[in-house]
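This is work28.tsv (TSV, C-alpha atoms and all ligand atoms).
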chain	number	residue	atom	x	y	z
A	1	MET	CA	156.20	44.77	67.42
A	2	GLU	CA	157.84	42.49	64.86
A	3	ARG	CA	161.32	42.34	63.40
A	4	LEU	CA	161.14	43.23	59.67
A	5	ASP	CA	162.01	39.71	58.45
A	6	ARG	CA	159.25	38.16	60.60
A	7	PHE	CA	156.77	40.78	59.40
A	8	MET	CA	157.76	40.15	55.77
A	9	ALA	CA	157.54	36.35	56.14
A	10	ARG	CA	154.07	36.59	57.69
A	11	ALA	CA	152.87	39.14	55.11
A	12	ASN	CA	154.09	37.11	52.13
A	13	THR	CA	152.75	33.79	53.45
A	14	ALA	CA	149.34	35.42	53.79
A	15	TYR	CA	149.65	37.12	50.41
A	16	TYR	CA	150.60	33.95	48.47
A	17	ALA	CA	147.93	31.93	50.29
A	18	THR	CA	145.10	34.31	49.36
A	19	HIS	CA	146.01	36.16	46.15
A	20	ASP	CA	146.73	35.36	42.55
A	21	PRO	CA	150.11	37.10	42.42
A	22	TYR	CA	149.90	37.31	38.63
A	23	ARG	CA	147.10	39.87	38.90
A	24	ASP	CA	149.61	42.16	40.61
A	25	PHE	CA	152.78	41.53	38.67
A	26	THR	CA	154.18	39.58	35.75
A	27	THR	CA	157.40	37.59	35.47
A	28	SER	CA	159.71	36.58	32.62
A	29	PRO	CA	158.17	33.13	31.96
A	30	GLU	CA	154.73	34.77	31.70
A	31	ILE	CA	156.09	37.36	29.24
A	32	SER	CA	157.56	34.91	26.72
A	33	GLN	CA	157.51	31.12	26.38
A	34	VAL	CA	161.08	31.39	25.07
A	35	PHE	CA	162.33	32.22	28.59
A	36	GLY	CA	161.39	28.79	29.97
A	37	GLU	CA	162.49	27.04	26.79
A	38	ILE	CA	165.96	28.57	27.05
A	39	LEU	CA	166.24	27.61	30.73
A	40	GLY	CA	165.25	24.05	29.82
A	41	LEU	CA	167.94	23.90	27.13
A	42	TRP	CA	170.45	25.38	29.59
A	43	ALA	CA	169.64	22.52	31.97
A	44	ALA	CA	169.99	19.93	29.18
A	45	VAL	CA	173.39	21.21	28.03
A	46	THR	CA	174.63	21.52	31.61
A	47	TRP	CA	173.41	17.97	32.40
A	48	ARG	CA	175.54	16.65	29.53
A	49	GLU	CA	178.57	18.62	30.79
A	50	LEU	CA	178.09	16.97	34.19
A	51	GLY	CA	178.43	13.54	32.54
A	52	ALA	CA	174.71	12.92	31.95
A	53	PRO	CA	173.94	11.40	35.38
A	54	SER	CA	170.78	9.27	35.51
A	55	PRO	CA	168.54	9.62	37.38
A	56	VAL	CA	168.90	13.37	37.95
A	57	LEU	CA	166.67	15.74	39.91
A	58	LEU	CA	165.29	18.69	37.99
A	59	VAL	CA	164.29	21.12	40.72
A	60	GLU	CA	162.55	24.47	40.58
A	61	ALA	CA	162.34	26.79	43.57
A	62	GLY	CA	159.24	29.01	43.67
A	63	PRO	CA	157.61	27.80	40.43
A	64	GLY	CA	154.66	30.24	40.49
A	65	ARG	CA	151.99	28.80	38.22
A	66	GLY	CA	154.39	26.34	36.61
A	67	THR	CA	154.78	28.17	33.31
A	68	LEU	CA	158.57	28.20	33.28
A	69	MET	CA	158.82	24.47	33.96
A	70	ALA	CA	156.09	23.54	31.45
A	71	ASP	CA	157.94	25.49	28.72
A	72	ALA	CA	161.29	24.02	29.82
A	73	LEU	CA	160.02	20.43	29.75
A	74	ARG	CA	158.49	20.86	26.29
A	75	ALA	CA	161.84	22.10	24.94
A	76	ILE	CA	163.76	19.34	26.75
A	77	ALA	CA	161.48	16.60	25.37
A	78	ARG	CA	162.09	17.88	21.85
A	79	VAL	CA	165.86	18.32	21.86
A	80	ALA	CA	167.14	16.10	24.69
A	81	PRO	CA	164.85	13.07	25.10
A	82	ASP	CA	167.57	11.23	27.06
A	83	PHE	CA	167.62	14.04	29.66
A	84	HIS	CA	163.80	14.02	29.67
A	85	ALA	CA	163.84	10.30	30.46
A	86	ALA	CA	166.49	10.68	33.20
A	87	LEU	CA	164.97	13.60	35.08
A	88	ARG	CA	162.74	13.48	38.17
A	89	LEU	CA	160.81	16.70	38.76
A	90	HIS	CA	160.87	18.22	42.27
A	91	LEU	CA	159.30	21.58	43.15
A	92	ILE	CA	160.00	23.74	46.19
A	93	GLU	CA	156.83	25.66	47.01
A	94	THR	CA	155.23	26.64	50.31
A	95	SER	CA	151.96	28.12	49.02
A	96	PRO	CA	149.15	25.50	48.93
A	97	ARG	CA	147.32	27.67	46.40
A	98	LEU	CA	150.25	27.79	43.97
A	99	ARG	CA	150.99	24.07	44.52
A	100	ALA	CA	147.49	23.32	43.29
A	101	LEU	CA	148.02	25.42	40.15
A	102	GLN	CA	151.37	23.73	39.53
A	103	ALA	CA	149.81	20.29	39.92
A	104	GLU	CA	147.41	21.07	37.04
A	105	ARG	CA	150.37	21.32	34.68
A	106	LEU	CA	153.24	19.33	36.21
A	107	ASP	CA	153.77	15.83	37.52
A	108	ALA	CA	156.16	16.43	40.41
A	109	THR	CA	157.09	15.87	44.04
A	110	TRP	CA	156.67	18.96	46.25
A	111	HIS	CA	158.89	20.18	49.09
A	112	ASP	CA	158.83	23.11	51.52
A	113	THR	CA	162.63	23.48	51.46
A	114	LEU	CA	165.76	22.07	49.84
A	115	ASP	CA	166.36	19.86	52.88
A	116	THR	CA	163.94	17.08	51.93
A	117	LEU	CA	165.18	16.59	48.34
A	118	PRO	CA	166.54	13.08	47.77
A	119	ASP	CA	170.32	12.68	47.66
A	120	ALA	CA	171.13	12.71	43.95
A	121	PRO	CA	172.69	14.80	41.18
A	122	LEU	CA	170.60	17.88	40.54
A	123	LEU	CA	169.85	20.77	38.22
A	124	LEU	CA	168.01	23.61	39.90
A	125	LEU	CA	166.23	26.61	38.39
A	126	ALA	CA	164.96	29.59	40.37
A	127	ASN	CA	163.42	32.70	38.82
A	128	GLU	CA	162.27	35.50	41.12
A	129	PHE	CA	162.41	33.19	44.13
A	130	LEU	CA	165.06	34.80	46.35
A	131	ASP	CA	163.51	38.29	46.09
A	132	ALA	CA	160.43	37.01	47.93
A	133	LEU	CA	162.41	35.81	50.97
A	134	PRO	CA	162.35	37.95	54.12
A	135	ILE	CA	165.09	40.50	54.81
A	136	ARG	CA	166.42	42.30	57.88
A	137	GLN	CA	167.37	45.97	57.68
A	138	PHE	CA	169.97	47.87	59.69
A	139	VAL	CA	170.27	51.67	59.70
A	140	TRP	CA	173.37	53.62	60.69
A	141	ARG	CA	172.56	56.23	63.34
A	142	GLY	CA	175.89	58.00	63.87
A	143	GLU	CA	176.72	56.07	67.04
A	144	GLY	CA	176.09	52.60	65.64
A	145	TRP	CA	173.68	50.31	63.83
A	146	MET	CA	170.00	50.02	64.70
A	147	GLU	CA	167.70	47.25	63.47
A	148	ARG	CA	164.29	48.00	61.96
A	149	TYR	CA	161.06	46.61	63.41
A	150	VAL	CA	157.42	47.13	62.40
A	151	ALA	CA	154.35	47.89	64.54
A	152	ASN	CA	150.95	49.19	63.41
A	153	GLY	CA	152.22	50.24	60.00
A	154	HIS	CA	155.21	52.20	61.35
A	155	TRP	CA	158.96	51.73	61.64
A	156	HIS	CA	160.69	51.33	64.99
A	157	GLU	CA	164.38	50.87	65.71
A	158	PHE	CA	166.22	48.88	68.32
A	159	PRO	CA	169.87	48.01	68.82
A	160	PRO	CA	170.58	44.71	67.03
A	161	PRO	CA	171.37	41.59	69.05
A	162	ARG	CA	175.04	41.51	70.07
A	163	CYS	CA	175.89	38.26	68.43
A	164	GLY	CA	174.34	36.60	65.39
A	165	GLY	CA	172.85	38.75	62.66
A	166	GLY	CA	173.86	42.16	64.04
A	167	ARG	CA	175.96	44.57	61.99
A	168	GLU	CA	179.50	45.28	63.09
A	169	GLY	CA	181.71	48.28	62.34
A	170	ALA	CA	181.22	51.49	60.41
A	171	PRO	CA	178.54	51.98	57.73
A	172	PRO	CA	179.37	51.03	54.16
A	173	SER	CA	180.16	54.19	52.18
A	174	ALA	CA	177.32	53.87	49.67
A	175	HIS	CA	174.38	53.33	52.01
A	176	GLN	CA	173.24	54.27	55.49
A	177	LEU	CA	171.02	51.22	55.35
A	178	HIS	CA	172.11	47.61	55.09
A	179	GLU	CA	169.93	44.65	54.13
A	180	VAL	CA	170.56	41.00	54.91
A	181	CYS	CA	168.44	38.16	53.56
A	182	GLU	CA	169.30	35.29	55.89
A	183	PRO	CA	167.05	32.64	54.21
A	184	ALA	CA	168.62	33.47	50.82
A	185	LEU	CA	172.11	32.98	52.27
A	186	ALA	CA	171.01	29.74	53.93
A	187	PHE	CA	169.52	28.56	50.62
A	188	ALA	CA	172.84	29.31	48.83
A	189	ARG	CA	174.84	27.44	51.49
A	190	THR	CA	172.55	24.38	51.51
A	191	LEU	CA	172.60	24.24	47.73
A	192	ALA	CA	176.39	24.59	47.67
A	193	ALA	CA	176.78	21.79	50.21
A	194	ARG	CA	174.68	19.51	47.95
A	195	LEU	CA	176.82	20.44	44.96
A	196	THR	CA	179.91	19.26	46.84
A	197	GLN	CA	178.21	15.86	47.45
A	198	HIS	CA	176.74	15.20	43.99
A	199	PRO	CA	177.38	16.60	40.52
A	200	GLY	CA	175.00	19.46	39.84
A	201	ALA	CA	174.32	23.04	38.87
A	202	ALA	CA	171.87	25.79	39.75
A	203	LEU	CA	170.71	28.80	37.75
A	204	ILE	CA	169.38	31.68	39.80
A	205	ILE	CA	167.73	34.60	38.00
A	206	ASP	CA	166.52	37.60	39.92
A	207	TYR	CA	166.86	41.34	40.19
A	208	GLY	CA	169.44	43.25	42.16
A	209	PRO	CA	172.85	44.89	41.88
A	210	GLU	CA	175.90	42.93	40.74
A	211	HIS	CA	178.63	44.02	43.18
A	212	SER	CA	177.26	46.05	46.06
A	213	ALA	CA	174.60	45.48	48.70
A	214	PRO	CA	171.22	46.80	47.59
A	215	GLY	CA	170.60	49.61	50.14
A	216	ASP	CA	166.93	50.11	50.98
A	217	SER	CA	165.14	48.00	48.36
A	218	LEU	CA	162.02	46.78	50.18
A	219	GLN	CA	159.02	47.24	47.92
A	220	ALA	CA	155.35	46.32	47.85
A	221	ILE	CA	153.00	45.81	44.91
A	222	ARG	CA	149.28	45.95	45.66
A	223	ASP	CA	146.65	45.78	42.89
A	224	GLY	CA	149.46	46.10	40.36
A	225	LYS	CA	150.81	49.36	41.79
A	226	PRO	CA	153.64	50.33	44.19
A	227	ALA	CA	152.29	50.57	47.74
A	228	ASP	CA	153.33	51.14	51.35
A	229	PRO	CA	155.06	47.89	52.42
A	230	LEU	CA	154.06	48.26	56.06
A	231	SER	CA	150.32	48.76	55.78
A	232	ASP	CA	147.76	45.94	55.55
A	233	PRO	CA	150.16	42.95	55.62
A	234	GLY	CA	149.06	40.08	53.34
A	235	SER	CA	147.42	42.37	50.78
A	236	ALA	CA	150.63	43.14	48.85
A	237	ASP	CA	153.61	41.22	47.49
A	238	LEU	CA	156.76	42.24	49.38
A	239	THR	CA	160.13	41.85	47.69
A	240	ALA	CA	163.68	43.10	48.04
A	241	HIS	CA	166.59	43.20	45.62
A	242	VAL	CA	168.87	40.18	45.69
A	243	ASP	CA	172.42	40.76	46.95
A	244	PHE	CA	174.23	38.68	44.32
A	245	ALA	CA	177.66	39.40	45.82
A	246	ALA	CA	176.55	38.02	49.19
A	247	ILE	CA	174.84	34.98	47.60
A	248	GLY	CA	177.93	34.18	45.54
A	249	ALA	CA	180.24	34.58	48.54
A	250	ALA	CA	178.07	32.34	50.75
A	251	ALA	CA	177.88	29.62	48.07
A	252	GLY	CA	181.61	29.88	47.35
A	253	GLU	CA	182.52	29.55	51.04
A	254	ALA	CA	180.30	26.47	51.24
A	255	GLY	CA	182.22	24.82	48.40
A	256	ALA	CA	180.37	25.60	45.16
A	257	ARG	CA	181.89	27.14	42.07
A	258	VAL	CA	180.28	30.50	41.31
A	259	HIS	CA	179.76	31.73	37.73
A	260	GLY	CA	178.57	35.28	37.01
A	261	PRO	CA	176.30	37.05	37.60
A	262	VAL	CA	175.73	38.27	34.06
A	263	PRO	CA	172.88	40.59	33.04
A	264	GLN	CA	169.73	38.70	31.98
A	265	GLY	CA	169.77	40.37	28.55
A	266	VAL	CA	173.31	39.15	27.88
A	267	PHE	CA	172.53	35.65	29.17
A	268	LEU	CA	169.34	35.18	27.12
A	269	THR	CA	170.81	36.72	23.97
A	270	ARG	CA	173.85	34.41	24.13
A	271	LEU	CA	171.51	31.44	24.42
A	272	GLY	CA	169.53	32.38	21.32
A	273	LEU	CA	166.53	34.38	22.60
A	274	PHE	CA	166.12	36.29	19.36
A	275	GLN	CA	166.81	33.39	16.98
A	276	ARG	CA	164.22	31.21	18.71
A	277	THR	CA	161.75	34.12	18.86
A	278	ASP	CA	162.18	34.80	15.12
A	279	ARG	CA	161.57	31.15	14.30
A	280	LEU	CA	158.37	31.13	16.38
A	281	ALA	CA	157.29	34.47	14.90
A	282	GLN	CA	157.61	33.21	11.32
A	283	ALA	CA	154.81	30.71	11.92
A	284	GLN	CA	152.45	33.36	13.33
A	285	PRO	CA	150.15	36.04	11.87
A	286	PRO	CA	151.76	39.53	11.93
A	287	ALA	CA	150.16	40.80	15.16
A	288	LYS	CA	151.22	37.70	17.11
A	289	ALA	CA	154.68	37.76	15.54
A	290	LEU	CA	155.16	41.38	16.64
A	291	ALA	CA	153.99	40.55	20.18
A	292	LEU	CA	156.56	37.72	20.41
A	293	ILE	CA	159.38	40.02	19.29
A	294	GLU	CA	158.25	42.77	21.67
A	295	ALA	CA	158.20	40.26	24.55
A	296	ALA	CA	161.77	39.16	23.79
A	297	ARG	CA	162.90	42.79	23.74
A	298	ARG	CA	161.25	43.42	27.09
A	299	LEU	CA	163.27	40.58	28.64
A	300	ALA	CA	166.59	41.61	27.07
A	301	GLU	CA	166.79	45.39	26.61
A	302	PRO	CA	169.02	47.05	29.23
A	303	ASP	CA	166.54	49.76	30.20
A	304	ARG	CA	163.78	47.18	30.68
A	305	MET	CA	164.49	43.77	32.30
A	306	GLY	CA	167.81	43.09	30.59
A	307	ARG	CA	170.20	44.77	33.00
A	308	LEU	CA	168.54	44.91	36.44
A	309	PHE	CA	167.85	41.16	36.27
A	310	LYS	CA	170.93	38.93	36.55
A	311	ALA	CA	171.73	35.27	36.01
A	312	LEU	CA	174.03	33.56	38.52
A	313	ALA	CA	175.11	29.92	38.30
A	314	LEU	CA	176.46	27.65	41.02
A	315	THR	CA	178.05	24.34	40.10
A	316	SER	CA	179.90	21.48	41.72
A	317	PRO	CA	183.59	22.30	42.18
A	318	GLY	CA	185.61	21.53	39.06
A	319	CYS	CA	182.65	21.88	36.65
A	320	PRO	CA	183.12	23.94	33.51
A	321	THR	CA	181.39	27.29	33.18
A	322	PRO	CA	177.78	26.62	32.12
A	323	PRO	CA	176.45	28.08	28.85
A	324	GLY	CA	175.68	31.79	28.83
A	325	LEU	CA	177.84	32.62	31.86
A	326	GLU	CA	181.26	32.81	30.17
B	401	LIG	N1	159.23	31.66	39.54
B	401	LIG	C1	157.88	32.13	39.31
B	401	LIG	C2	157.21	32.72	40.54
B	401	LIG	C3	157.84	33.87	41.25
B	401	LIG	S1	156.87	34.38	42.67
B	401	LIG	C4	157.84	33.04	38.12
B	401	LIG	O1	158.90	33.37	37.60
B	401	LIG	O2	156.76	33.41	37.69
B	401	LIG	C5	157.71	33.57	44.02
B	401	LIG	C6	157.42	32.11	44.15
B	401	LIG	O3	158.14	31.61	45.30
B	401	LIG	C7	155.98	31.72	44.40
B	401	LIG	O4	155.75	30.47	43.79
B	401	LIG	C8	155.93	31.64	45.92
B	401	LIG	O5	154.83	30.91	46.41
B	401	LIG	C9	157.24	30.98	46.20
B	401	LIG	N2	157.78	31.19	47.56
B	401	LIG	C10	157.84	32.35	48.21
B	401	LIG	N3	158.46	32.19	49.41
B	401	LIG	C11	158.79	30.89	49.49
B	401	LIG	C12	159.46	30.09	50.47
B	401	LIG	N4	159.91	30.62	51.61
B	401	LIG	N5	159.65	28.78	50.21
B	401	LIG	C13	159.22	28.24	49.05
B	401	LIG	N6	158.58	28.94	48.10
B	401	LIG	C14	158.36	30.25	48.31

As structure tokens, how would this structure be written, given the file I've shared?
Amino acid sequence: MERLDRFMARANTAYYATHDPYRDFTTSPEISQVFGEILGLWAAVTWRELGAPSPVLLVEAGPGRGTLMADALRAIARVAPDFHAALRLHLIETSPRLRALQAERLDATWHDTLDTLPDAPLLLLANEFLDALPIRQFVWRGEGWMERYVANGHWHEFPPPRCGGGREGAPPSAHQLHEVCEPALAFARTLAARLTQHPGAALIIDYGPEHSAPGDSLQAIRDGKPADPLSDPGSADLTAHVDFAAIGAAAGEAGARVHGPVPQGVFLTRLGLFQRTDRLAQAQPPAKALALIEAARRLAEPDRMGRLFKALALTSPGCPTPPGLE
């Protein structure tokens, strides 16, 4: 018998250690090079707004195969060579397998968590990182909340511990099920505390609702298809929607300024997704040009990735609103 968050942590550690996740799913940086380029330019503009501190840490949490950062660094080198010279690359990654892939493309220092980053100004990027962190689930059973556990591929329920993570009070009106991602909240608080010590900003892009808690959003992808999250742990990627309201509140309480979230489509379009895509497309043969434009649409259109995905920024207190989050 295992509490859901412990089951999910174990399953995902095994999954990322043994699988190429990109055979099962794709992510925005793998869809279009313009995604990483725009995030790199966002970091460069924000760095200047922070007073161009040097040196500065450029940090990515959960860099996958390093595509986003490789695209970002190429764009930064071209348009902001002073930022390129000032930045020190640090990657937060627990999977040895993905670290090895990242090392083929990026010259960086690796960390398991935020805690070991040097004390310095920082710019942090995280795309589809928080959705991979383990959640707890609580279900309302008329009399009170029960917490969900897993054994042999089946759900079990027990009363939650009295103090700590347990749910208090009546169920929220929208859902009979409540999710809490404690490591995501801890990440937001640790990041916010750093932003109160040094100038900095973070851009978090992920999928989830803007205002409410997600409800039951646990999902598994195995061999590219939706699957039962409880069976055969380690063979599927387990994710849950990100609770942006809770992340923003935790970061705000810990002293950061919170900007957004705004839908990914709005964010990328404001920062020139289609202009940059058109410029790239003009230099390509027609089939490649069409593929580039189609990729940009996939990232931005509301009924595709444009609305479900959101961009949230955290900055040091007193910093102006970063580009794209107005
Ligand atoms: N950002 C990438 C990858 C998303 S997959 C992209 O957009 O393609 C999630 C990433 O987070 C993987 O690199 C995974 O190994 C990493 N990860 C998952 N849980 C983690 C944890 N607890 N600590 C650090 N990295 C983690």

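Using only C-alpha atoms and all ligand atoms, the shortest contact distance between ligand LIG 401 (chain B) and any of A:Leu122, A:Leu133, A:Ala14, A:Val79 is found at A:Leu133.
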
Check which residues fall inside 7 Å of ligand LIG 401 (chain B) when counting only C-alpha atoms and all ligand atoms, and print them as a ChimeraX atom specification. /A:16,26-30,61-65,68,92-95,98,112-113,126-129,132-133

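Residue nearest Arg270 in chain A, chosen from A:Glu326, A:Glu60, A:Thr46, A:Arg304 and counting all atoms listed in the file: A:Glu326.
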
Using only C-alpha atoms, which of A:Met146, A:Leu58, A:Leu4, A:Ile293 sits nearest Thr109 in chain A? A:Leu58

Please identify all polymer residues within 12 Å of Ala43 in chain A, counting all atoms listed in the file, omitting same-chain residues fewer than 6 positions from it, and present them as a ChimeraX atom specification. /A:36-37,49-50,52,56-60,69,72-73,75-76,79-80,83-84,87,122-126,200-203,271,313,315,322-324

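Ranking A:Trp110, A:Tyr15, A:Phe267, A:Phe158 by their shortest atom-to-atom distance to Leu39 in chain A, with all atoms listed in the file included, puts A:Phe267 first.
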
Near Gly318 in chain A, within 10 Å and counting all atoms listed in the file, which residues show up once chain neighbours fewer than 6 positions away are dropped, as a list in words? Thr196, Pro199, Ala256 and Arg257 of chain A

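The space between CA of Asp303 in chain A and CA of Ala227 in chain A spans 22.6 Å.
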
Find the residues near Leu218 in chain A: any atom within 9 Å, counting only C-alpha atoms, skip ones fewer than 2 places away on the same chain, and give them as JSON, numbers by chain. {"A": [135, 216, 220, 229, 238, 239, 240, 241]}

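Here CA of Val262 in chain A is placed at a distance of 24.6 Å from CA of Gly66 in chain A.
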
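One distance worth recording is that between CA of Asn152 in chain A and CA of Arg222 in chain A, which is 18.1 Å.
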
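For the set A:Cys319, A:Ile247, A:Val139, A:Ala296, the residue with the smallest atom-to-atom gap to Trp47 in chain A is A:Cys319, counting all atoms listed in the file.
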
Name the residues in contact with His156 in chain A at a cut-off of 10 Å, using all atoms listed in the file, excluding same-chain residues fewer than 5 positions from it; report them as an mmCIF file with C-alpha atoms, in the coordinates of the input.
data_model
loop_
_atom_site.group_PDB
_atom_site.id
_atom_site.type_symbol
_atom_site.label_atom_id
_atom_site.label_comp_id
_atom_site.auth_asym_id
_atom_site.auth_seq_id
_atom_site.Cartn_x
_atom_site.Cartn_y
_atom_site.Cartn_z
ATOM 1 C CA MET A 1 156.200 44.770 67.420
ATOM 2 C CA GLU A 2 157.840 42.490 64.860
ATOM 3 C CA ARG A 3 161.320 42.340 63.400
ATOM 4 C CA LEU A 4 161.140 43.230 59.670
ATOM 5 C CA MET A 146 170.000 50.020 64.700
ATOM 6 C CA GLU A 147 167.700 47.250 63.470
ATOM 7 C CA ARG A 148 164.290 48.000 61.960
ATOM 8 C CA TYR A 149 161.060 46.610 63.410
ATOM 9 C CA VAL A 150 157.420 47.130 62.400
ATOM 10 C CA ALA A 151 154.350 47.890 64.540
#

Choose the residue, out of A:Ala184, A:Arg74, A:Thr190, A:Ala17, that has the smallest atom-to-atom separation from Arg99 in chain A; count all atoms listed in the file. A:Ala17

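Close contacts of Arg10 in chain A, defined as residues with an atom at most 9 Å away when counting only C-alpha atoms, with chain neighbours fewer than 5 positions off set aside, comprise Asp5, Tyr15, Pro233 and Gly234 of chain A.
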
Cut-off 12 Å around (162.6, 35.1, 18.6) with all atoms listed in the file: residues as number ranges by chain: A: 32-35, 37-38, 268-269, 271-284, 288-300
